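A.B. asks: Sharing a structure with you now.
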Amino acid sequence: MKFTLECEREDDGRWIAEVPQLPGVLAYAINADAAMSKVEVLALRVLAERLEHDEAKPQEISISVPIAA
């Protein structure tokens, strides 16, 4: 299973990061690094919850982070 972190700046100046493969997994922060860090933690928590509640089977995962511009 491969996950991609996407991050962009909102019109109000905040940064939003999300993992498109996990609906609802998104985080806001004051800079891109903080947003990506928060969303990565959230994605791992969601995956852990799914495993703990037998909603998913263990499998190899890969997380891709975009290169900073």
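Labels for the structure tokens follow display order: chains A, B, ..., residues from 1 in each chain, ligands from 1.
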Could you find all residues in chain A that DSSP calls strand (DSSP E) from the backbone, and write them as a list in words?
C.D. replies: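 Written out, the strand (DSSP E) residues of chain A are Lys2, Phe3, Thr4, Glu6, Cys7, Glu8, Arg9, Trp15, Ile16, Ala17, Glu18, Leu26, Ala27, Tyr28, Ala29, Ser62, Ile63 and Ser64 of chain A.
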A.B. asks: Save the residues we just selected, N, CA, C and O atoms, as a CSV table (one decimal), in the first residue's frame?
C.D. replies:
```
chain,number,residue,atom,x,y,z
A,2,LYS,N,0.6,2.2,-0.9
A,2,LYS,CA,1.5,3.4,-1.0
A,2,LYS,C,0.6,4.6,-0.8
A,2,LYS,O,-0.5,4.7,-1.3
A,3,PHE,N,1.1,5.5,0.1
A,3,PHE,CA,0.4,6.7,0.4
A,3,PHE,C,1.2,7.9,0.0
A,3,PHE,O,2.4,7.9,0.1
A,4,THR,N,0.5,8.9,-0.5
A,4,THR,CA,1.2,10.1,-0.9
A,4,THR,C,0.7,11.3,-0.1
A,4,THR,O,-0.5,11.4,0.2
A,6,GLU,N,0.2,15.2,0.2
A,6,GLU,CA,0.1,16.4,-0.7
A,6,GLU,C,-0.1,17.6,0.2
A,6,GLU,O,-0.8,17.5,1.2
A,7,CYS,N,0.5,18.7,-0.2
A,7,CYS,CA,0.5,19.9,0.6
A,7,CYS,C,0.4,21.1,-0.3
A,7,CYS,O,1.0,21.2,-1.3
A,8,GLU,N,-0.5,22.1,0.2
A,8,GLU,CA,-0.6,23.3,-0.6
A,8,GLU,C,-1.1,24.4,0.3
A,8,GLU,O,-1.6,24.2,1.4
A,9,ARG,N,-0.8,25.6,-0.1
A,9,ARG,CA,-1.1,26.8,0.7
A,9,ARG,C,-2.5,27.3,0.4
A,9,ARG,O,-2.9,27.4,-0.8
A,15,TRP,N,-1.4,26.3,5.6
A,15,TRP,CA,-1.1,25.2,4.8
A,15,TRP,C,-1.9,24.0,5.1
A,15,TRP,O,-2.2,23.7,6.3
A,16,ILE,N,-2.4,23.3,4.1
A,16,ILE,CA,-3.2,22.1,4.3
A,16,ILE,C,-2.4,20.9,3.7
A,16,ILE,O,-1.9,21.0,2.6
A,17,ALA,N,-2.3,19.8,4.4
A,17,ALA,CA,-1.7,18.6,3.9
A,17,ALA,C,-2.7,17.5,4.0
A,17,ALA,O,-3.5,17.5,4.9
A,18,GLU,N,-2.7,16.6,3.0
A,18,GLU,CA,-3.6,15.5,3.1
A,18,GLU,C,-3.0,14.2,2.5
A,18,GLU,O,-2.0,14.3,1.8
A,26,LEU,N,-6.5,14.8,6.8
A,26,LEU,CA,-5.9,16.1,6.4
A,26,LEU,C,-5.6,16.9,7.7
A,26,LEU,O,-6.1,16.7,8.7
A,27,ALA,N,-4.6,17.9,7.5
A,27,ALA,CA,-4.2,18.7,8.7
A,27,ALA,C,-3.8,20.1,8.2
A,27,ALA,O,-3.3,20.2,7.1
A,28,TYR,N,-4.1,21.1,9.0
A,28,TYR,CA,-3.8,22.4,8.7
A,28,TYR,C,-2.6,22.8,9.7
A,28,TYR,O,-2.5,22.3,10.8
A,29,ALA,N,-1.8,23.7,9.2
A,29,ALA,CA,-0.7,24.3,10.0
A,29,ALA,C,-0.2,25.6,9.5
A,29,ALA,O,-0.6,26.0,8.4
A,62,SER,N,4.2,2.3,2.2
A,62,SER,CA,5.2,3.2,1.8
A,62,SER,C,4.6,4.6,1.7
A,62,SER,O,3.5,4.8,1.3
A,63,ILE,N,5.3,5.6,2.3
A,63,ILE,CA,4.8,6.9,2.3
A,63,ILE,C,5.7,7.8,1.5
A,63,ILE,O,6.9,7.9,1.8
A,64,SER,N,5.2,8.5,0.5
A,64,SER,CA,5.9,9.4,-0.3
A,64,SER,C,5.7,10.9,0.1
A,64,SER,O,4.5,11.3,0.3
```
A.B. asks: Just list the residues in chain A DSSP gives alpha helix (DSSP H) on the backbone, as a PyMOL selection string.
C.D. replies: chain A and resi 32-52
A.B. asks: Calculated over only C-alpha atoms, which of the candidates A:Leu5, A:Asp12, A:Val25, A:Gln59 has the smallest distance to A:Arg45?
C.D. replies: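 Looking at the shortest contact to A:Arg45, the residue is A:Val25.
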A.B. asks: Could you state the separation of atom CA of A:Leu42 and atom CA of A:Asp11 in Å, given to one decimal place?
C.D. replies: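 Separation between atom CA of A:Leu42 and atom CA of A:Asp11: 23.4 Å.
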A.B. asks: Please report the interatomic distance between atom CA of A:Met36 and atom CA of A:His53 in Å with one decimal.
C.D. replies: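 Separation between atom CA of A:Met36 and atom CA of A:His53: 25.8 Å.
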A.B. asks: Fewer than 5 positions away in the same chain doesn't count, so skip those; otherwise give me all residues within 12 Å of A:Leu47, counting only C-alpha atoms, as a count of residues only.
C.D. replies: 20
A.B. asks: For the atom pair atom CA of A:Arg14 and atom CA of A:Ile30, what is the interatomic distance in Å to one decimal place?
C.D. replies: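 It comes out at 5.2 Å.
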